[in-house]
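**Q** structure37.csv is reproduced below (CSV, C-alpha atoms and all ligand atoms).
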```csv
chain,number,residue,atom,x,y,z
A,27,MET,CA,0.0,0.0,0.0
A,28,THR,CA,1.4,3.4,-0.9
A,29,GLY,CA,0.9,6.7,1.0
A,30,LYS,CA,-1.7,7.7,3.5
A,31,LYS,CA,-5.2,7.5,2.1
A,32,SER,CA,-8.0,9.7,3.5
A,33,LYS,CA,-11.5,10.8,2.7
A,34,PRO,CA,-14.2,13.0,4.3
A,35,CYS,CA,-16.1,11.4,7.1
A,36,VAL,CA,-19.5,10.1,6.1
A,37,PHE,CA,-20.8,10.7,9.6
A,38,CYS,CA,-19.4,14.1,10.6
A,39,LYS,CA,-17.3,16.9,9.1
A,40,GLY,CA,-14.0,15.2,10.0
A,41,THR,CA,-11.5,13.4,8.0
A,42,MET,CA,-11.3,9.6,7.7
A,43,SER,CA,-7.9,8.1,7.1
A,44,LEU,CA,-6.9,4.6,6.3
A,45,GLN,CA,-5.3,3.1,9.4
A,46,THR,CA,-5.5,0.2,11.8
A,47,LYS,CA,-7.3,0.7,15.1
A,48,VAL,CA,-8.3,-1.6,17.8
A,49,ASP,CA,-12.0,-2.5,17.6
A,50,THR,CA,-14.0,-4.9,19.8
A,51,ALA,CA,-15.7,-8.1,18.7
A,52,THR,CA,-18.5,-9.0,21.0
A,53,PHE,CA,-20.5,-12.2,21.5
A,54,ALA,CA,-22.9,-13.1,24.3
A,55,GLY,CA,-21.4,-10.5,26.6
A,56,HIS,CA,-17.8,-11.6,25.9
A,57,THR,CA,-15.4,-9.3,24.1
A,58,ARG,CA,-12.2,-9.5,22.2
A,59,ASP,CA,-9.9,-6.7,20.9
A,60,VAL,CA,-9.0,-6.9,17.3
A,61,ASP,CA,-6.8,-4.7,15.0
A,62,VAL,CA,-9.1,-3.5,12.2
A,63,LEU,CA,-8.0,-1.8,9.0
A,64,GLY,CA,-10.4,0.9,7.8
A,65,TYR,CA,-11.0,4.5,7.3
A,66,TRP,CA,-11.2,5.8,10.8
A,67,CYS,CA,-12.5,9.3,11.5
A,68,ASP,CA,-10.2,11.7,13.3
A,69,SER,CA,-13.2,13.5,14.9
A,70,CYS,CA,-15.8,11.0,15.7
A,71,ASP,CA,-15.4,7.3,16.5
A,72,GLU,CA,-17.0,6.1,13.3
A,73,ALA,CA,-15.2,4.0,10.7
A,74,VAL,CA,-15.7,2.6,7.2
A,75,ILE,CA,-14.1,-0.8,7.5
A,76,VAL,CA,-12.3,-2.1,4.4
A,77,LYS,CA,-12.3,-5.7,3.3
A,78,GLU,CA,-9.2,-6.9,5.2
A,79,GLY,CA,-10.6,-5.2,8.4
A,80,ALA,CA,-14.0,-6.8,8.0
A,81,LYS,CA,-12.2,-10.2,7.6
A,82,ALA,CA,-10.2,-9.7,10.7
A,83,LEU,CA,-13.3,-8.7,12.7
A,84,SER,CA,-15.3,-11.7,11.5
A,85,LEU,CA,-12.4,-14.0,12.2
A,86,ALA,CA,-12.1,-12.6,15.8
A,87,TYR,CA,-15.8,-12.9,16.2
A,88,SER,CA,-15.7,-16.6,15.1
A,89,GLU,CA,-12.8,-17.3,17.5
A,90,LEU,CA,-14.6,-15.6,20.4
A,91,LYS,CA,-17.9,-17.4,19.6
A,92,ALA,CA,-16.1,-20.8,19.4
A,93,GLU,CA,-14.4,-20.1,22.8
A,94,VAL,CA,-17.6,-19.1,24.5
A,95,GLN,CA,-19.5,-22.2,23.1
A,96,SER,CA,-16.4,-24.3,23.7
A,97,VAL,CA,-16.1,-25.5,20.1
A,98,LEU,CA,-12.9,-25.0,18.0
A,99,GLY,CA,-12.2,-21.7,16.4
A,100,PRO,CA,-10.6,-21.1,13.0
A,101,ALA,CA,-7.0,-21.1,14.2
A,102,ALA,CA,-7.4,-24.2,16.3
A,103,ILE,CA,-9.1,-26.2,13.5
A,104,LYS,CA,-6.3,-25.2,11.1
A,105,GLY,CA,-3.7,-26.2,13.6
A,106,ILE,CA,-5.2,-29.7,14.1
A,107,ARG,CA,-5.8,-30.2,10.4
A,108,GLU,CA,-2.2,-29.4,9.6
A,109,ARG,CA,-0.9,-31.7,12.4
A,110,LEU,CA,-3.0,-34.5,10.9
A,111,GLY,CA,-1.3,-33.8,7.6
A,112,LEU,CA,-4.6,-33.2,5.7
A,113,SER,CA,-5.5,-30.7,3.1
A,114,GLN,CA,-8.7,-28.7,3.6
A,115,ARG,CA,-10.4,-30.8,0.9
A,116,LYS,CA,-9.2,-34.1,2.3
A,117,ALA,CA,-10.2,-33.2,5.8
A,118,GLY,CA,-13.7,-32.4,4.7
A,119,GLU,CA,-13.9,-35.6,2.7
A,120,LEU,CA,-12.6,-37.8,5.6
A,121,LEU,CA,-14.1,-36.1,8.6
A,122,GLY,CA,-17.3,-35.0,7.1
A,123,GLY,CA,-19.0,-31.7,6.1
A,124,GLY,CA,-17.9,-31.9,2.5
A,125,PRO,CA,-14.9,-30.7,0.5
A,126,ARG,CA,-15.3,-27.0,1.3
A,127,SER,CA,-16.2,-27.3,5.0
A,128,PHE,CA,-12.7,-26.8,6.4
A,129,GLN,CA,-12.1,-23.8,4.2
A,130,LYS,CA,-15.3,-22.3,5.8
A,131,TYR,CA,-14.3,-23.3,9.4
A,132,GLU,CA,-10.9,-21.8,8.9
A,133,SER,CA,-12.0,-18.6,7.4
A,134,GLY,CA,-14.6,-18.2,10.1
A,135,ASP,CA,-17.5,-18.4,7.6
A,136,ILE,CA,-19.2,-21.2,9.6
A,137,ALA,CA,-18.6,-22.5,13.1
A,138,SER,CA,-17.6,-26.1,13.6
A,139,SER,CA,-20.3,-28.3,15.2
A,140,VAL,CA,-19.6,-29.6,18.7
A,141,SER,CA,-19.2,-33.1,17.4
A,142,MET,CA,-16.7,-32.0,14.8
A,143,ALA,CA,-14.8,-30.1,17.5
A,144,ARG,CA,-14.7,-33.2,19.7
A,145,LEU,CA,-13.6,-35.5,16.8
A,146,LEU,CA,-10.7,-33.1,16.0
A,147,GLU,CA,-9.7,-32.9,19.6
A,148,LEU,CA,-9.8,-36.7,19.9
A,149,LEU,CA,-7.7,-37.2,16.8
A,150,ASP,CA,-5.2,-34.5,17.9
A,151,ASN,CA,-4.8,-35.8,21.5
A,152,VAL,CA,-5.2,-39.6,21.3
A,153,PRO,CA,-2.6,-41.3,19.1
A,154,GLU,CA,-4.6,-44.5,19.1
A,155,ALA,CA,-7.7,-42.7,17.8
A,156,LYS,CA,-5.7,-41.2,15.0
A,157,SER,CA,-4.1,-44.5,14.0
A,158,TYR,CA,-7.5,-46.3,14.2
A,159,PHE,CA,-9.1,-43.6,12.1
A,160,PHE,CA,-6.4,-43.4,9.5
A,161,GLY,CA,-6.0,-47.1,9.4
A,162,LYS,CA,-9.7,-47.5,8.6
A,163,MET,CA,-9.4,-44.9,5.9
A,164,GLN,CA,-6.5,-46.7,4.2
A,165,GLN,CA,-8.4,-50.0,4.4
A,166,LYS,CA,-11.3,-48.3,2.8
A,167,ASP,CA,-9.1,-46.9,0.0
A,168,SER,CA,-7.5,-50.2,-0.8
A,169,GLU,CA,-10.7,-52.2,-0.4
A,170,ALA,CA,-11.6,-53.3,-3.9
A,171,PRO,CA,-14.9,-55.2,-3.8
A,172,PRO,CA,-17.8,-53.9,-1.7
A,173,ALA,CA,-18.8,-56.0,1.3
A,174,PRO,CA,-21.2,-58.7,0.3
A,175,GLU,CA,-24.8,-58.2,1.1
A,176,SER,CA,-26.0,-60.2,4.0
A,177,HIS,CA,-29.4,-61.9,3.7
A,178,HIS,CA,-31.4,-62.5,6.9
B,1,ZN,ZN,-16.5,11.5,11.8
```
Would you mind giving the structure from this file in structure tokens?
Ligand SMILES: [Zn+2]
**A**
Amino acid sequence: MTGKKSKPCVFCKGTMSLQTKVDTATFAGHTRDVDVLGYWCDSCDEAVIVKEGAKALSLAYSELKAEVQSVLGPAAIKGIRERLGLSQRKAGELLGGGPRSFQKYESGDIASSVSMARLLELLDNVPEAKSYFFGKMQQKDSEAPPAPESHH
């Protein structure tokens, strides 16, 4: 980015300049400070948030919400997925939710379910669970014929 950008405030007679300021994400009475890039007014407290700033705010909101609801936030999900050695697409295919689900969890677009959070925590913390799960997946991949139908 080059130079300092500014424009007249849309709320008062002041000047808004492009800068990062600390704003607060709130969820259910909990708050979290977040650096937000936007056109912040020098005279009033209003701002026109730019795309990156909005993204930072929504990410912070998702993290906060996950913490309050005790599910996993975007950063925690990304960390576990990377430790499991899975791409976003592969993780969605193997763990459920579909090929784009992890992209959405990690960008804060959607929150993980409680069951997804527990599954990831389990795989991350219990080596036996991880080897059982991935062993099963490998079996499934190499399994050529479908299981025969049982007649009762
Ligand atoms: Zn203003």
**Q** With 7 Å as the threshold, what does the neighbourhood of (-8.3, 2.6, 5.0) contain in terms of residues, counting only C-alpha atoms? Coordinates are those of the file; answer as a list in words.
**A**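 Collected hits near the coordinates: Lys31, Ser43, Leu44, Gln45, Leu63, Gly64, Tyr65 and Val76 of chain A.
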**Q** Suppose we keep C-alpha atoms; can you now write the selection as a PDB file, keeping the file's coordinate frame?
**A**
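Once everything was written out, this is result06.pdb:
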```
ATOM      1  CA  LYS A  31      -5.200   7.500   2.100  1.00  0.00           C
ATOM      2  CA  SER A  43      -7.900   8.100   7.100  1.00  0.00           C
ATOM      3  CA  LEU A  44      -6.900   4.600   6.300  1.00  0.00           C
ATOM      4  CA  GLN A  45      -5.300   3.100   9.400  1.00  0.00           C
ATOM      5  CA  LEU A  63      -8.000  -1.800   9.000  1.00  0.00           C
ATOM      6  CA  GLY A  64     -10.400   0.900   7.800  1.00  0.00           C
ATOM      7  CA  TYR A  65     -11.000   4.500   7.300  1.00  0.00           C
ATOM      8  CA  VAL A  76     -12.300  -2.100   4.400  1.00  0.00           C
TER       9      VAL A  76
END
```
**Q** How many Å separate CA of Ser139 in chain A from CA of Ser88 in chain A?
**A**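 Here the two named atoms are 12.6 Å from each other.
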**Q** Would you pick out the contacts of Arg115 in chain A at 8 Å or less, using all atoms listed in the file, so that residues sharing its chain but fewer than 3 positions from it are not included, and give the list as a PDB file with C-alpha atoms, keeping the file's coordinate frame?
**A**
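To be explicit, this is the file written out as part06.pdb:
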```
ATOM      1  CA  LEU A 112      -4.600 -33.200   5.700  1.00  0.00           C
ATOM      2  CA  GLY A 118     -13.700 -32.400   4.700  1.00  0.00           C
ATOM      3  CA  GLU A 119     -13.900 -35.600   2.700  1.00  0.00           C
ATOM      4  CA  GLY A 124     -17.900 -31.900   2.500  1.00  0.00           C
ATOM      5  CA  PRO A 125     -14.900 -30.700   0.500  1.00  0.00           C
ATOM      6  CA  ARG A 126     -15.300 -27.000   1.300  1.00  0.00           C
ATOM      7  CA  SER A 127     -16.200 -27.300   5.000  1.00  0.00           C
ATOM      8  CA  PHE A 128     -12.700 -26.800   6.400  1.00  0.00           C
ATOM      9  CA  GLN A 129     -12.100 -23.800   4.200  1.00  0.00           C
TER      10      GLN A 129
END
```
**Q** Would you compute the distance between CA of Cys38 in chain A and CA of Asp61 in chain A? Give it in Å to one decimal.
**A** 23.1 Å
**Q** Which is closest to ligand ZN 1 (chain B) among A:Cys67, A:Ala80, A:Ile106, A:Ala92, if we use all atoms listed in the file?
**A** A:Cys67
**Q** Ligand ZN 1 (chain B): which residues are within 9 Å, counting only C-alpha atoms and all ligand atoms? Reply as a PyMOL selection string.
**A** chain A and resi 34-42+66-73
**Q** Would you mind reading off the distance between CA of Thr46 in chain A and CA of Gly79 in chain A, one decimal, in Å?
**A**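 Separation between CA of Thr46 in chain A and CA of Gly79 in chain A: 8.2 Å.
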**Q** Kindly indicate which residue among A:Ser113, A:Glu132, A:Gly105, A:Gln164 lies nearest to Glu147 in chain A, using all atoms listed in the file for the distances.
**A**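 Comparing A:Ser113, A:Glu132, A:Gly105, A:Gln164 against Glu147 in chain A, the winner is A:Gly105.
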**Q** Using all atoms listed in the file, which of the listed residues (A:Ala54, A:Met163, A:Lys130, A:Gly122) sits closest to Leu145 in chain A?
**A** A:Gly122
